[in-house]
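Dropping work06.cif in here (mmCIF, C-alpha atoms):
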```cif
data_data
#
loop_
_atom_site.label_atom_id
_atom_site.label_comp_id
_atom_site.auth_asym_id
_atom_site.auth_seq_id
_atom_site.Cartn_x
_atom_site.Cartn_y
_atom_site.Cartn_z
CA MET A 1 58.72 -51.63 38.60
CA ASP A 2 56.75 -48.59 39.54
CA THR A 3 53.07 -48.77 39.36
CA LYS A 4 51.20 -45.56 38.88
CA LEU A 5 47.65 -45.39 39.96
CA GLU A 6 45.59 -42.63 38.41
CA ALA A 7 42.05 -41.75 39.23
CA PRO A 8 39.75 -42.09 36.19
CA GLN A 9 39.35 -38.75 34.42
CA ARG A 10 36.06 -37.14 35.19
CA PRO A 11 34.62 -34.99 32.47
CA ASN A 12 34.41 -31.29 33.12
CA GLY A 13 31.08 -30.42 34.75
CA TRP A 14 30.17 -27.51 32.49
CA ARG A 15 31.17 -29.36 29.36
CA THR A 16 29.04 -32.34 30.37
CA ALA A 17 26.09 -30.07 31.12
CA LEU A 18 26.39 -28.33 27.75
CA ILE A 19 27.18 -31.11 25.30
CA GLY A 20 26.76 -34.27 27.36
CA ARG A 21 29.20 -37.13 27.83
CA HIS A 22 28.88 -38.16 24.18
CA PRO A 23 29.14 -35.11 21.88
CA LYS A 24 28.32 -37.18 18.78
CA ARG A 25 25.06 -38.36 20.28
CA THR A 26 24.25 -34.84 21.46
CA LEU A 27 24.82 -33.50 17.95
CA VAL A 28 22.55 -36.16 16.47
CA ARG A 29 19.89 -35.35 19.09
CA ILE A 30 20.13 -31.64 18.29
CA VAL A 31 19.80 -32.29 14.55
CA ILE A 32 16.75 -34.52 15.13
CA LEU A 33 15.19 -31.97 17.48
CA VAL A 34 15.72 -29.11 15.02
CA GLY A 35 14.28 -31.28 12.25
CA ILE A 36 11.19 -32.06 14.32
CA CYS A 37 10.72 -28.38 15.18
CA LEU A 38 11.03 -27.32 11.53
CA ALA A 39 8.61 -30.04 10.42
CA MET A 40 6.13 -29.03 13.13
CA ARG A 41 6.44 -25.41 12.05
CA ALA A 42 5.94 -26.27 8.39
CA PHE A 43 3.16 -28.82 8.62
CA VAL A 44 1.44 -28.71 12.02
CA LEU A 45 1.70 -25.61 14.21
CA VAL A 46 2.35 -22.00 13.27
CA PRO A 47 3.14 -19.49 16.03
CA ILE A 48 1.50 -16.10 15.50
CA ARG A 49 1.48 -12.75 17.25
CA VAL A 50 -1.78 -10.82 17.04
CA GLU A 51 -1.49 -7.23 15.79
CA GLY A 52 -4.45 -4.91 15.96
CA ILE A 53 -7.79 -4.68 17.68
CA SER A 54 -10.18 -6.38 15.28
CA MET A 55 -10.45 -9.59 17.36
CA LEU A 56 -10.93 -7.90 20.72
CA PRO A 57 -11.69 -8.95 23.36
CA THR A 58 -11.09 -12.60 22.36
CA TYR A 59 -7.54 -12.05 21.09
CA LYS A 60 -5.66 -9.05 22.38
CA ASP A 61 -3.09 -6.98 20.51
CA GLY A 62 0.35 -8.48 21.04
CA SER A 63 -0.83 -11.87 22.33
CA ILE A 64 0.86 -15.00 21.00
CA HIS A 65 -1.02 -18.08 19.80
CA LEU A 66 -0.61 -21.26 17.79
CA ILE A 67 -2.40 -22.10 14.55
CA ASN A 68 -3.27 -25.73 13.89
CA ARG A 69 -2.60 -26.38 10.22
CA LEU A 70 -4.22 -29.83 10.36
CA ALA A 71 -7.61 -28.55 11.55
CA TYR A 72 -9.27 -28.70 8.14
CA LYS A 73 -7.65 -31.89 6.90
CA LEU A 74 -10.39 -33.96 8.52
CA ARG A 75 -13.35 -31.60 8.77
CA ALA A 76 -14.85 -28.63 6.98
CA PRO A 77 -14.67 -25.11 8.43
CA GLN A 78 -17.53 -24.38 10.80
CA ARG A 79 -19.34 -21.28 11.94
CA GLY A 80 -17.59 -19.83 14.97
CA ASP A 81 -14.11 -21.12 14.06
CA VAL A 82 -11.34 -18.56 14.43
CA VAL A 83 -9.14 -19.00 11.40
CA ALA A 84 -5.82 -17.70 10.15
CA ILE A 85 -6.17 -16.56 6.56
CA ARG A 86 -3.10 -16.26 4.38
CA LEU A 87 -2.53 -13.53 1.84
CA ILE A 88 -1.71 -14.26 -1.79
CA ALA A 89 1.86 -13.05 -1.26
CA GLY A 90 2.64 -15.50 1.52
CA GLU A 91 2.13 -16.51 5.13
CA HIS A 92 4.41 -14.22 7.12
CA VAL A 93 1.42 -11.96 7.68
CA MET A 94 -2.06 -13.45 8.01
CA TYR A 95 -5.53 -12.28 8.94
CA LEU A 96 -7.10 -13.69 12.08
CA LYS A 97 -10.90 -13.73 11.72
CA ARG A 98 -13.98 -15.65 12.80
CA ILE A 99 -16.14 -17.56 10.34
CA VAL A 100 -19.73 -16.34 10.63
CA GLY A 101 -21.16 -17.25 7.24
CA LEU A 102 -21.00 -20.59 5.41
CA PRO A 103 -21.10 -21.24 1.64
CA GLY A 104 -24.41 -20.33 0.02
CA GLU A 105 -25.73 -18.40 3.02
CA THR A 106 -26.95 -14.81 2.90
CA VAL A 107 -25.19 -12.51 5.35
CA ALA A 108 -26.29 -9.12 6.65
CA PHE A 109 -25.73 -6.78 9.59
CA HIS A 110 -28.57 -4.63 10.95
CA ASP A 111 -27.84 -2.33 13.88
CA GLY A 112 -24.81 -4.46 14.62
CA GLN A 113 -26.75 -7.73 14.74
CA LEU A 114 -25.59 -10.52 12.45
CA TYR A 115 -28.30 -12.08 10.25
CA ILE A 116 -27.81 -15.35 8.41
CA ASN A 117 -30.45 -16.18 5.79
CA GLY A 118 -32.63 -13.48 7.37
CA GLN A 119 -32.43 -14.95 10.86
CA PRO A 120 -30.62 -13.20 13.74
CA MET A 121 -27.58 -15.15 14.85
CA ALA A 122 -26.40 -15.25 18.45
CA GLU A 123 -22.73 -14.31 18.82
CA PRO A 124 -21.69 -14.74 22.46
CA TYR A 125 -18.09 -13.88 21.60
CA VAL A 126 -19.02 -10.35 20.52
CA LYS A 127 -18.57 -8.13 23.56
CA LEU A 128 -17.88 -4.91 21.69
CA GLN A 129 -21.08 -4.31 19.77
CA GLY A 130 -21.39 -1.64 17.10
CA HIS A 131 -24.18 -0.49 14.80
CA TRP A 132 -23.14 -1.92 11.46
CA GLU A 133 -25.68 -1.71 8.66
CA SER A 134 -24.84 -3.73 5.58
CA ASP A 135 -26.31 -6.32 3.30
CA ILE A 136 -23.29 -8.43 2.47
CA GLY A 137 -25.32 -10.67 0.15
CA GLN A 138 -25.24 -14.33 -0.72
CA LEU A 139 -21.96 -16.20 -0.47
CA GLY A 140 -20.67 -18.28 -3.35
CA PRO A 141 -20.62 -22.10 -3.26
CA ASP A 142 -17.07 -22.12 -1.84
CA GLN A 143 -17.02 -18.83 0.05
CA TYR A 144 -17.06 -18.24 3.81
CA PHE A 145 -17.80 -14.90 5.43
CA VAL A 146 -15.16 -13.93 7.99
CA VAL A 147 -15.12 -10.96 10.33
CA GLY A 148 -13.44 -9.83 13.54
CA ASP A 149 -15.10 -10.04 16.98
CA ASN A 150 -14.69 -6.32 17.59
CA ARG A 151 -17.71 -4.73 15.89
CA ASP A 152 -17.27 -1.42 17.66
CA THR A 153 -15.17 -0.23 14.73
CA TRP A 154 -15.67 1.71 11.52
CA PHE A 155 -17.41 -0.72 9.14
CA ARG A 156 -15.32 0.18 6.07
CA GLY A 157 -12.08 0.18 8.00
CA HIS A 158 -12.71 -3.28 9.51
CA GLU A 159 -11.14 -5.99 7.34
CA LYS A 160 -13.71 -8.66 6.55
CA GLY A 161 -14.74 -10.60 3.52
CA ARG A 162 -15.47 -13.83 1.79
CA PRO A 163 -12.34 -15.90 1.22
CA THR A 164 -12.45 -19.43 -0.11
CA ARG A 165 -11.36 -22.42 1.95
CA ASP A 166 -7.94 -22.69 0.28
CA TYR A 167 -6.91 -19.42 1.95
CA PHE A 168 -7.46 -20.87 5.44
CA VAL A 169 -4.17 -21.84 7.05
CA GLY A 170 -5.83 -23.35 10.12
CA THR A 171 -7.65 -22.64 13.33
CA VAL A 172 -6.35 -21.08 16.52
CA LEU A 173 -5.28 -23.84 18.88
CA LEU A 174 -4.22 -21.84 21.92
CA MET B 1 38.12 -30.51 18.41
CA LYS B 2 37.49 -33.89 16.90
CA VAL B 3 38.62 -34.40 13.30
CA TRP B 4 35.20 -35.50 12.08
CA LEU B 5 33.56 -32.40 13.55
CA LYS B 6 36.13 -30.19 11.85
CA ARG B 7 35.40 -31.90 8.55
CA VAL B 8 31.64 -31.46 8.96
CA LEU B 9 32.04 -27.77 9.79
CA LEU B 10 34.45 -27.26 6.88
CA LEU B 11 32.06 -29.00 4.50
CA ALA B 12 29.13 -26.89 5.75
CA ALA B 13 31.19 -23.71 5.32
CA LEU B 14 32.17 -24.72 1.78
CA VAL B 15 28.58 -25.54 0.85
CA GLY B 16 27.44 -22.18 2.27
CA LEU B 17 30.17 -20.29 0.45
CA GLY B 18 29.39 -22.10 -2.80
CA TYR B 19 25.68 -21.31 -2.53
CA TRP B 20 26.40 -17.67 -1.74
CA GLY B 21 28.75 -17.39 -4.71
CA TRP B 22 26.26 -19.07 -7.01
CA THR B 23 23.41 -16.71 -6.03
CA LEU B 24 25.77 -13.72 -6.33
CA PHE B 25 26.99 -14.45 -9.84
CA PHE B 26 23.99 -16.29 -11.28
CA GLN B 27 21.07 -14.29 -9.93
CA SER B 28 17.71 -15.61 -11.13
CA PRO B 29 15.13 -13.09 -12.40
CA GLU B 30 13.01 -13.86 -9.33
CA GLN B 31 15.90 -13.09 -7.00
CA ALA B 32 16.71 -9.92 -8.95
CA ILE B 33 13.10 -8.74 -8.49
CA ARG B 34 13.15 -9.55 -4.78
CA ASN B 35 16.40 -7.62 -4.31
CA ARG B 36 15.00 -4.72 -6.31
CA LEU B 37 11.87 -4.51 -4.14
CA ARG B 38 13.92 -4.82 -0.97
CA ALA B 39 16.06 -1.92 -2.16
CA LEU B 40 12.92 0.10 -2.93
CA ALA B 41 11.54 -0.50 0.57
CA GLN B 42 14.85 0.70 2.03
CA GLU B 43 14.93 3.75 -0.21
CA ALA B 44 11.33 4.68 0.61
CA SER B 45 11.88 4.38 4.36
CA PHE B 46 13.31 7.30 6.24
CA GLY B 47 14.05 8.36 9.77
CA PRO B 48 13.36 11.60 11.63
CA GLY B 49 15.41 14.77 11.30
CA GLN B 50 16.03 14.84 7.54
CA GLY B 51 16.24 18.18 5.79
CA LEU B 52 14.18 19.43 2.86
CA MET B 53 17.00 18.84 0.37
CA THR B 54 17.47 15.26 1.54
CA HIS B 55 13.74 14.68 1.21
CA ALA B 56 13.70 16.14 -2.31
CA TRP B 57 16.72 14.11 -3.40
CA LYS B 58 15.44 10.89 -1.85
CA ALA B 59 11.98 11.39 -3.34
CA THR B 60 13.40 11.71 -6.86
CA SER B 61 15.78 8.81 -6.31
CA LEU B 62 12.73 6.54 -6.23
CA SER B 63 12.32 7.25 -9.96
CA ALA B 64 14.94 4.62 -10.69
CA PHE B 65 12.50 1.92 -9.59
CA PHE B 66 9.57 2.87 -11.86
CA THR B 67 8.75 3.23 -15.55
CA THR B 68 8.01 6.78 -16.76
CA ASN B 69 4.33 5.95 -17.33
CA VAL B 70 3.83 4.08 -14.05
CA GLN B 71 0.25 3.74 -12.83
CA VAL B 72 -0.68 3.45 -9.16
CA MET B 73 -4.26 2.64 -8.18
CA LEU B 74 -4.71 2.38 -4.42
CA ASP B 75 -8.10 1.61 -2.90
CA VAL B 76 -7.60 1.82 0.86
CA PRO B 77 -10.04 2.59 3.72
CA GLY B 78 -9.00 6.26 3.63
CA GLY B 79 -10.10 6.57 0.01
CA GLN B 80 -8.99 5.95 -3.54
CA HIS B 81 -5.70 7.33 -4.83
CA ASN B 82 -4.59 7.25 -8.45
CA ILE B 83 -1.16 8.29 -9.64
CA ASN B 84 -0.32 8.51 -13.33
CA GLY B 85 3.29 8.84 -14.37
CA LEU B 86 6.61 9.40 -12.70
CA ASP B 87 6.14 13.14 -12.11
CA GLU B 88 2.97 12.60 -10.07
CA LEU B 89 4.67 9.81 -8.17
CA ASN B 90 7.64 12.02 -7.29
CA THR B 91 5.30 14.78 -6.13
CA ALA B 92 3.29 12.34 -3.98
CA SER B 93 6.50 10.90 -2.53
CA LEU B 94 7.85 14.36 -1.65
CA LEU B 95 4.51 15.33 -0.10
CA ALA B 96 4.48 12.18 2.04
CA ARG B 97 8.05 12.86 3.19
CA GLN B 98 7.17 16.42 4.15
CA ASN B 99 4.09 15.38 6.12
CA LEU B 100 5.71 12.55 8.05
CA SER B 101 8.56 12.61 10.48
CA SER B 102 9.49 9.01 9.75
CA LEU B 103 8.36 6.07 7.67
CA ARG B 104 9.39 2.44 7.89
CA ILE B 105 8.41 0.04 5.14
CA GLU B 106 8.87 -3.73 5.22
CA LEU B 107 7.97 -6.41 2.72
CA PRO B 108 7.38 -9.58 4.75
CA ASP B 109 6.10 -11.55 1.75
CA VAL B 110 6.96 -11.30 -1.93
CA LYS B 111 5.54 -13.75 -4.46
CA VAL B 112 6.95 -13.47 -7.96
CA VAL B 113 5.32 -14.99 -11.04
CA LEU B 114 7.38 -14.50 -14.19
CA ASP B 115 5.70 -14.21 -17.57
CA PRO B 116 6.90 -16.50 -20.38
CA GLY B 117 10.16 -15.09 -21.73
CA ASN B 118 11.15 -13.62 -18.34
CA GLN B 119 10.76 -10.03 -19.58
CA SER B 120 7.84 -9.11 -17.30
CA ALA B 121 6.42 -10.35 -14.03
CA THR B 122 3.48 -10.09 -11.67
CA VAL B 123 4.39 -9.73 -8.04
CA ASN B 124 2.12 -9.97 -5.04
CA VAL B 125 3.64 -8.22 -2.09
CA THR B 126 2.59 -7.65 1.50
CA ILE B 127 3.55 -4.19 2.68
CA ARG B 128 3.86 -3.38 6.35
CA GLY B 129 4.42 0.26 7.08
CA GLN B 130 4.77 2.42 10.15
CA ALA B 131 4.33 6.15 9.72
CA VAL B 132 5.06 8.64 12.46
CA TYR B 133 3.61 12.15 12.13
CA PRO B 134 5.27 15.31 13.47
CA SER B 135 2.61 15.34 16.22
CA GLY B 136 3.94 11.99 17.44
CA GLN B 137 0.89 10.07 16.25
CA ARG B 138 1.80 6.63 14.90
CA ASP B 139 -0.07 4.73 12.20
CA ASP B 140 0.54 1.12 11.25
CA TYR B 141 -0.41 -0.03 7.78
CA LEU B 142 -0.77 -3.47 6.32
CA GLN B 143 -1.71 -3.88 2.69
CA GLU B 144 -1.32 -6.42 -0.04
CA LEU B 145 -0.45 -5.03 -3.45
CA ARG B 146 -0.08 -6.47 -6.93
CA LEU B 147 2.75 -5.07 -9.00
CA ARG B 148 3.52 -5.42 -12.69
CA LEU B 149 7.22 -5.24 -13.43
CA ILE B 150 8.94 -4.91 -16.79
CA LYS B 151 12.56 -5.68 -17.57
CA VAL B 152 14.24 -2.67 -19.17
CA LYS B 153 17.95 -2.97 -19.99
CA ASN B 154 18.60 -5.58 -17.29
CA ASP B 155 16.67 -3.53 -14.72
CA TRP B 156 13.30 -4.53 -13.33
CA LEU B 157 11.01 -1.48 -13.25
CA ILE B 158 7.58 -1.21 -11.66
CA HIS B 159 4.95 -0.37 -14.24
CA GLU B 160 1.71 -0.79 -12.29
CA ILE B 161 0.60 -1.00 -8.66
CA VAL B 162 -2.91 -2.01 -7.63
CA THR B 163 -4.47 -2.82 -4.27
CA VAL B 164 -5.39 -6.42 -3.59
CA HIS B 165 -8.41 -7.02 -1.40
CA THR B 166 -7.47 -10.44 -0.11
CA LEU B 167 -10.67 -11.08 1.80
CA SER B 168 -13.05 -9.78 -0.85
#
```
Step by step, read the file and then write its structure as structure tokens.
Amino acid sequence: MDTKLEAPQRPNGWRTALIGRHPKRTLVRIVILVGICLAMRAFVLVPIRVEGISMLPTYKDGSIHLINRLAYKLRAPQRGDVVAIRLIAGEHVMYLKRIVGLPGETVAFHDGQLYINGQPMAEPYVKLQGHWESDIGQLGPDQYFVVGDNRDTWFRGHEKGRPTRDYFVGTVLL
Amino acid sequence: MKVWLKRVLLLAALVGLGYWGWTLFFQSPEQAIRNRLRALAQEASFGPGQGLMTHAWKATSLSAFFTTNVQVMLDVPGGQHNINGLDELNTASLLARQNLSSLRIELPDVKVVLDPGNQSATVNVTIRGQAVYPSGQRDDYLQELRLRLIKVKNDWLIHEIVTVHTLS
């Protein structure tokens, strides 16, 4: 009786590298990983790419950042927070602005200086100073005043305003 | 390929095909409006090197998307622009085509709210545009608009366009 001795079959190197030794397990891992990524994208972190110059020099045109959706689940928005603000139509395009005025406060700009309730407010993040002159007025009980860091722009052309908290998607994490 | 994997892939393909067929034959009013606006964005966009006749024909072809008494009220940083009726809209469209070498319009977000009865709808839409002038200067636009659409003989036509100031 002949006895054949065969060396155990070794899996192909490339195949092992691509799908592992157990394809079923790899598939399950991929599904779980995709699920986690989609859940993170939907409920925790939103990747964004900055377009425009309104947040210069803090956030440059074309730079990529993450928005933390959970930021305001535990605390209220604060002055100085950089927030992503959704539009009514959806969240594929958002505004990226800094909160400078809180609900009930009176906001004004004189010669580029921000005034809150008549008092000048230090803004160390503003490196591009302009000469804005405007009495924005008193904010409503649920309104925040948001504006970009680049004040060396045409006042009317610079998107700014007083959205309510429910328009805030989250704060910039990175 | 393992049998179970084949079955999973076949099932996924069948589900995908079924969904595609369903949306093709049983289009919801919301989907019809989205498709209509997508078609409008494509029709309004144009590349460089188009002749005067093409511009004129394309400009008038936009008429199919609007009611005859359409009203457009745009309040943008450059100023306020009002357009009353289809004739004014066609003229404005032709003028824009003649003054630009190319225009690309995208609608990244469309939010449709149907009125009771599904015969009219309010649509909030984010418009992202890139205009290139003959001088080579490039302008990028981003604007949110609110549209009123009316269903006329199974077609959704735009009856009103107004600017939305999201941050105000």
Reference answer for the PyMOL selection byres ((chain A) within 8 of (chain B)), as an NGL selection string: :A and (87-93 or 156-157 or 159-163)
Expected answer as JSON, numbers by chain: all residues with atoms within 12 Å of (-5.6, -22.5, 1.9), only C-alpha atoms: {"A": [69, 70, 71, 72, 73, 77, 83, 84, 85, 86, 87, 88, 90, 91, 94, 163, 164, 165, 166, 167, 168, 169, 170, 171]}
Non-local contacts of range 21-23 of chain A (12 Å; only C-alpha atoms; under 3 positions in same chain excluded) as an NGL selection string: (:A and (10-18 or 26-30)) or (:B and (1-2 or 4-5))
Separation of CA of Asp135 in chain A from CA of Leu74 in chain B in Å: 24.5 Å
Among listed residues B:Glu88, B:Asn82, B:Arg7, B:Ala121, nearest Thr68 in chain B (using only C-alpha atoms): B:Glu88
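Taking only C-alpha atoms into account, those protein, DNA and RNA residues with any atom at most 9 Å away from (13.6, 18.4, 12.5) amount to Pro48, Gly49, Gln50, Gly51, Ser101 and Pro134 of chain B.
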Minimum-distance residue to Leu147 in chain B, chosen among B:Gln71, B:Asn118, B:Asn35, B:Asn90 (using only C-alpha atoms): B:Gln71
